[in-house]
Every structure is written in C-alpha cells, then in structure tokens.
There are 2 protein chains.
Amino acid sequence: MATIKDIARITGYSIGTVSRVMNHHQDVSDKARKEIEQVIEEQGYQPNANAKLLKQTHTNSITVFIKSTCNIFLNGMLENIQSMLKQAGEEVKVVFMDENSDEVLAAKRICHDNHPRGLLFLGADLDHFRHEYEEMGVPAVLVAADGNGLHIDSLSSYCTDDDAGARAAAEYLIDHGHRHIGLLGGVDPDVQGQVAYKRYHGLSSCLKEHNLSFVRSRQYIPCEFSLEGGYEAGKNLLHTFPEVTAVFCMSDTVAIGAMRAFSEAGRRIPEDVSVIGFDGIDYSQFTVPRLTTVCQDTETIVRSSVNDLLMRIKTDAPSRHSMVPFHIVEGESVCQLSK
Amino acid sequence: MATIKDIARITGYSIGTVSRVMNHHQDVSDKARKEIEQVIEEQGYQPNANAKLLKQTHTNSITVFIKSTCNIFLNGMLENIQSMLKQAGEEVKVVFMDENSDEVLAAKRICHDNHPRGLLFLGADLDHFRHEYEEMGVPAVLVAADGNGLHIDSLSSYCTDDDAGARAAAEYLIDHGHRHIGLLGGVDPDVQGQVAYKRYHGLSSCLKEHNLSFVRSRQYIPCEFSLEGGYEAGKNLLHTFPEVTAVFCMSDTVAIGAMRAFSEAGRRIPEDVSVIGFDGIDYSQFTVPRLTTVCQDTETIVRSSVNDLLMRIKTDAPSRHSMVPFHIVEGESVCQLSK
DNA sequence: CTGAAAGCGCTTACAG
DNA sequence: CTGAAAGCGCTTACAG
C-alpha cells in the first residue's frame, strides 16, 4: 500500500510534485514527470480516493443515479447516457441503488461529499423529490419521469406523456373494434402524479369519451410492475370481466405475465384476447406473439436530458420540463375485430 | 453543510465527544449523548464519508460486487445475499458494475481504501481473477462461478456443475426420444474454464457417448447470452441443421430468443422443435410454452457462499470449492418423440 | 466521562 | 518548475 509519501521518497521529489503529476498539471518538468510516472507504475501506486475527495472542493464528474437494479427499461437508457457523456468529455459516476433506497438522500450525501458537476436520475421516486429535495446548487435532470409541478428550480425533466400514451393505446384498441377493454397494473393508481395514475386516467377517460363502459371494479386489476404481478392480475381479470376482448397493460412486463395467464386459461392471443403494453422493452419483441406496445422514445429522452444537463453546467440556462413523443410498435398481439 | 466542528461548537462539547456519540461508543454520559444527538438531528448533520474512511483502518462491512447490471439471474441472488447478511448483523455494501468493468481492480481499490471484512463476487470474470487477483488478506467468495484451479488461498467458490448440467439436459432430450440435437450459446466455447466451454463439453460428450452425431459446424451455433443472440443463432441453426428436433440453449435468455426464431420459421414448440434452457430465471416460467430448463439452485449457492464467508471472517477456516446440485424444471417446451 | 492533539493521504495556494 | 506548509473532516490513543 504505497502512499504519495513513498512515491515522493523514492523519486526524491516532494509530495506536491507527485500530486501534480498525478493530476496532469502543466507546470511540471518533463524529467520529473517521467521519473515520477515510472515509480508510480513500478509501485502499482493507487491514490487513496478518500483523501483525494476530502481535499477537493469539487470533482468534475457527473453522477447518474439509477434505481431498481434490474429494470430492463432503465438499463437500456443508462448505456446511452454513459456513451453520450463520455463523448462529451465528461467523467461519469454511476450509483446503482435498489428499489427501496432513497435516491434523494443518496444525492445529498454525494453532493456533500463529492461535489459533482451535475446529477441525472433514472427511475426516480417523485415522492422523495417532493418531500426531501432541497436545492444543492447543482443542475439535475429527471430522466423518463415528470418533474413538472415539483417546483425545484435546478431540476429539469424529460419523459413520455403517460396520459396521452394510455389514450393512444385505448384509441388503438377501439380502432381495432374492441369494446370490452380491461386494464392491468399499478399498485395505487389514485396517487396523483404517479405513472400509474396517469395511465389509468388516460385509458379510463378515453373509454368514457367513446361511450364505452369502464367499471373500475370489473375492468381494472391493480398489480405490481412484474411478471408475477401481471400473471395474477391477468387471471383475475378473466373472472371479474370475462367478456374482455382486449387489455391494456401499464408495462410490458405486466403484459408478458398477463399473456401467460391468458394462455393458461385457454384464451388465444390475439384471437380471443388482444394485449397492448407500455414501454417497448427488448423482451416485448421476443414473445410469441410479439407484443404490440406504446414505445417510449428513450433515445430522445436520453439525448434531451443529457444535452439539457450539459448546457446548464456550462451556462446558467433555466431548467425545463418536456414531454417526448412516443409511438406505437405494432406487434402481433392485437387483432382486428369484425365490426 | 455542517461539520463535526459546528456540532461541537453548538453543543459546547469537543469534537472527540461528538465523534464518540456518532459512533455509539459506550463511554459518553447520557446527558452529553442526548444533547449532541439533538443538535445533530436539528442541523441535519451528515458526517463526511471521505474523512471517516480516511481515518478508519478498517470498516466492518462486507462488500458485494455484482457485474452485468441487468442480469436477472444474478439480481435474484443479490436480494437473498443482502437479507442473509443483514440477518447475521453484518453491514453490506453493494458495488454494481457493468460488464466491461474489472471487478478485481475494483476490489483492490476498495480493499485499499475501505478495508472491508469480506468480499462476495457475483458474475465474476474468471480471467480477471486468474491474471490480476492478489491476496488482499480478506476472505472472498465467488458466487455461482468456479474458483477451483485458480489457486487463490483466500477465495472460496460455490457453483453449479456446468458440465453435469449440460449432460443432464442432453440425457433429458435423449430420454424423450430426440436424436438430432442442436446447441446454442457461448461466444468462445474453446476457452477452458469458461461456462460456455463446460456446457459445450458436457453436451457434446454426452451425445457422443450415446453414439449420436455431434458435428460442430452443423449442430452448434455460438452466440452471446442475450435474446438477440439466441434469436439469430436459432435462425441459423435451422439452416445448418434442418433435421433438428431438440435444442439445448446455454441460458434461458438464449432459449427465449431461439423460441421466437423457431416460431417465426413456422416450427411449433415443442411439436417440431423441443427447447431446453439453463439457469431457471423468472422469465422462463412465463413464456408460452413454459420453458423446460436446468435450474441452478441459487438459494443453496447463496446460503453456502454467505455461510462460508462469515465463517472465515470469524475463524480462519480454509477456503473451499463446492458444486451445488441443480435440477431440471419441466416446462412445456420439450415433447416426447414416438420411438 | 471528556478534551487536546496527532495524524489519515491527499491538494493547493504561496513562496522562491 | 519545485518545495514547505496548511488544512480538508474525521478518529483515536493519551491524559486527566
């Protein structure tokens, strides 16, 4: 465990000079640089990150927080973010956290300890932002979540219009002749501002506007955004709403679970029950039949988010909130009903 | 950004006493403890982690490294590990890393900077261990990877016998009357010690022992362990080996991709092509048809790994390498051929 | 039970 | 271009 002192002693230079070499400062002679670099190499010297961060008043890295370690949807975006940021010459630090962790708390700690230049949040829980976020003097962006109404000056957001997406799904099913439409997903769709609330609202009001029934207790089954959740909800729906001919699932994962449930019940997809999902994860394109889904434009969401952050790091442009258009990917899981 | 100094000033105690309160030392008066705790609360004081770690010669946490952020198989195990460790009263720190990161390098840095009590590796790349691992004086365990032959004294490992698992899959297909068996998965199955090598070897030698043909260029298509990889490989196999009646896929993900490819080609599963996978991920039980697969006993792997680590932290028992039994989960993707 | 002080391994003005 | 020195925010023997 060599320290900077050891390197200084071995090379005969002072620790200040060693430090300058490590941090690629200009004002070091070529001779000193070469000698010191060689000894660092020989000794396999690694600077102590704690000491470094303790002294530095700011780092030049951007920190990305990503929640729910195994969310395919978020992970796909992370890769794009990393490559964009690196291409822009920014150093990136990724903090992975599980669903139960508090990303706002983590962000506060990191800002306090490491002073990053900017913050990106993937899979954010808006409740945490509402109750705990305080201005940290660092620009931040909510990626694929809606920060509008949070009234946090330093926070931008880019996301899909969940209400409009759910409406589009409903319209799509109605256009295909469906009149008995079920809805699956969301543990607590009455909490305003939640994704589930908006998708519930989008679908249900669209049905009503078309004078189609939407009896919540029969046509809607809440469930977690998981395979198992979708599976159980799908089974239940067949009992509460047996005349169903089409189902909108609030996520692709829910849709895949539900498809399994429908198959087991002997309903063919799409002939007996049509299914449409939301998100556009990879898996949705490998199911049999291939899933029709409301595909979020993650590429644009990511690009806008990163550009916004970089811009606000450099200038002090104001934050903004923007909805990014989605589109429907037509798979094989929705059929046209004869009218 | 209050520091320990501020707390000391406000309470009128010294920073030493404040530090003792924060670290729950015994020798502090109740009065001091109460007063200091209250001010800490009021100020929302968070100790600077860098300063803390810089001073501490060791922490009492166990660090878990998990690679490939979105590997369903690994993520399932992580949850078990966390709950077991917490139940045992251990503090856990999880380091998530993407596929391209070097977990051994990260481990070295963390040992250097943070001095954990033990290390757990999920999704380890054995090459990194072979070439870079050096004794860090900390017990470590490879979870679900085979550390035998690495000759690292401080390293234990618990994993599935890949060779035997592949053999079991082959036997299962043969028992069901299949004679034309294909194999999918593994980018470079010639590298000894790799998972792909062992699964390749297990299947191919089992077929030969049964006097069944295994012509590599026809019956084997290498591919990445991904949906897309499995899909492309599945398509190719139908060209190189059209008489195929059953396929062993080196992972469930590959199997799901391949099933899609077979469906698109008009081959019914299992009537025309039977499919068996490996791992036993959640998704495999939600496909239509449900996947038959060689299921790794992740619960036992995790339990053994954690117990081993805890034991070696407390005593200096020797490390060990052990294979954990697997079992075949019968789904609906393999059919019995009439003999 | 408490305080004063040394020191963890770095970085960074400040001189020269 | 280089060195000596202060100091980041903590912890921990050492006295008392």
# chains A, B, ... in the order shown; residues from 1 in each chain; ligands from 1
call {"tool": "closest_atom_pairs", "arguments": {"of": "chain B", "to": "chain A", "cutoff": "7 Å", "atoms": "only C-alpha atoms", "output": "Markdown table"}}
result
| residue | atom | partner | partner_atom | distance |
| --- | --- | --- | --- | --- |
| B:Asn48 | CA | A:Asp113 | CA | 5.9 |
| B:Ala49 | CA | A:Asp113 | CA | 6.7 |
| B:Asn50 | CA | A:Asn50 | CA | 4.5 |
| B:Ala51 | CA | A:Leu54 | CA | 6.0 |
| B:Leu53 | CA | A:Asn50 | CA | 6.4 |
| B:Leu54 | CA | A:Asn50 | CA | 5.5 |
| B:Thr69 | CA | A:Thr69 | CA | 6.5 |
| B:Cys70 | CA | A:Cys70 | CA | 4.8 |
| B:Ile72 | CA | A:Cys70 | CA | 6.6 |
| B:Asn75 | CA | A:Cys70 | CA | 6.8 |
| B:Phe96 | CA | A:Phe96 | CA | 6.1 |
| B:Asp113 | CA | A:Asn48 | CA | 5.9 |
| B:Gly257 | CA | A:Phe286 | CA | 6.1 |
| B:Arg260 | CA | A:Phe286 | CA | 5.6 |
| B:Phe286 | CA | A:Arg260 | CA | 5.6 |
| B:Thr287 | CA | A:Arg260 | CA | 6.5 |
| B:Val288 | CA | A:Arg260 | CA | 6.3 |
call {"tool": "closest_atom_pairs", "arguments": {"of": "chain C", "to": "chain B", "cutoff": "10 Å", "atoms": "only C-alpha atoms (C1' of nucleotides)", "output": "CSV"}}
result
residue,atom,partner,partner_atom,distance
C:DC1,C1',B:Val28,CA,5.8
C:DT2,C1',B:Thr17,CA,6.9
C:DG3,C1',B:Ser14,CA,6.3
C:DA4,C1',B:Ser14,CA,9.0
C:DG7,C1',B:Lys55,CA,8.4
C:DC8,C1',B:Lys55,CA,4.6
C:DG9,C1',B:Leu54,CA,7.5
C:DC10,C1',B:Leu54,CA,9.8
call {"tool": "select_by_dssp", "arguments": {"residues": "range 278-325 of chain A", "states": "alpha helix (DSSP H)", "output": "PyMOL selection string"}}
result
chain A and resi 298-314
call {"tool": "write_last_selection", "arguments": {"atoms": "N, CA and C atoms", "output": "JSON list (two decimals), in the first residue's frame"}}
result
[["chain", "number", "residue", "atom", "x", "y", "z"],
["A", 298, "THR", "N", -36.91, 6.34, -25.86],
["A", 298, "THR", "CA", -35.86, 6.51, -24.86],
["A", 298, "THR", "C", -34.65, 7.23, -25.42],
["A", 299, "GLU", "N", -34.40, 7.05, -26.70],
["A", 299, "GLU", "CA", -33.23, 7.72, -27.27],
["A", 299, "GLU", "C", -33.36, 9.24, -27.18],
["A", 300, "THR", "N", -34.52, 9.73, -27.55],
["A", 300, "THR", "CA", -34.73, 11.18, -27.47],
["A", 300, "THR", "C", -34.76, 11.66, -26.02],
["A", 301, "ILE", "N", -35.38, 10.88, -25.17],
["A", 301, "ILE", "CA", -35.42, 11.25, -23.75],
["A", 301, "ILE", "C", -34.01, 11.40, -23.22],
["A", 302, "VAL", "N", -33.18, 10.43, -23.55],
["A", 302, "VAL", "CA", -31.80, 10.47, -23.07],
["A", 302, "VAL", "C", -31.04, 11.64, -23.68],
["A", 303, "ARG", "N", -31.18, 11.80, -24.98],
["A", 303, "ARG", "CA", -30.43, 12.87, -25.65],
["A", 303, "ARG", "C", -30.81, 14.24, -25.08],
["A", 304, "SER", "N", -32.10, 14.45, -24.93],
["A", 304, "SER", "CA", -32.56, 15.73, -24.39],
["A", 304, "SER", "C", -32.06, 15.94, -22.96],
["A", 305, "SER", "N", -32.14, 14.89, -22.19],
["A", 305, "SER", "CA", -31.73, 15.00, -20.78],
["A", 305, "SER", "C", -30.26, 15.36, -20.67],
["A", 306, "VAL", "N", -29.44, 14.65, -21.42],
["A", 306, "VAL", "CA", -28.01, 14.89, -21.33],
["A", 306, "VAL", "C", -27.66, 16.28, -21.86],
["A", 307, "ASN", "N", -28.25, 16.64, -22.98],
["A", 307, "ASN", "CA", -27.95, 17.97, -23.53],
["A", 307, "ASN", "C", -28.37, 19.07, -22.57],
["A", 308, "ASP", "N", -29.51, 18.91, -21.97],
["A", 308, "ASP", "CA", -30.00, 19.89, -21.01],
["A", 308, "ASP", "C", -29.00, 20.04, -19.86],
["A", 309, "LEU", "N", -28.57, 18.90, -19.35],
["A", 309, "LEU", "CA", -27.65, 18.94, -18.20],
["A", 309, "LEU", "C", -26.34, 19.62, -18.58],
["A", 310, "LEU", "N", -25.79, 19.22, -19.72],
["A", 310, "LEU", "CA", -24.51, 19.80, -20.14],
["A", 310, "LEU", "C", -24.64, 21.30, -20.34],
["A", 311, "MET", "N", -25.75, 21.69, -20.93],
["A", 311, "MET", "CA", -25.99, 23.11, -21.16],
["A", 311, "MET", "C", -26.03, 23.88, -19.84],
["A", 312, "ARG", "N", -26.74, 23.34, -18.90],
["A", 312, "ARG", "CA", -26.88, 24.07, -17.63],
["A", 312, "ARG", "C", -25.63, 24.00, -16.76],
["A", 313, "ILE", "N", -24.75, 23.05, -17.06],
["A", 313, "ILE", "CA", -23.47, 23.05, -16.35],
["A", 313, "ILE", "C", -22.63, 24.21, -16.84],
["A", 314, "LYS", "N", -22.73, 24.46, -18.16],
["A", 314, "LYS", "CA", -21.86, 25.46, -18.76],
["A", 314, "LYS", "C", -22.42, 26.88, -18.63]]
call {"tool": "atom_distance", "arguments": {"atom1": "CA of Glu209 in chain B", "atom2": "CA of Gly280 in chain B"}}
result
26.6 Å
call {"tool": "atom_distance", "arguments": {"atom1": "CA of Asp190 in chain B", "atom2": "CA of Ile174 in chain B"}}
result
24.6 Å
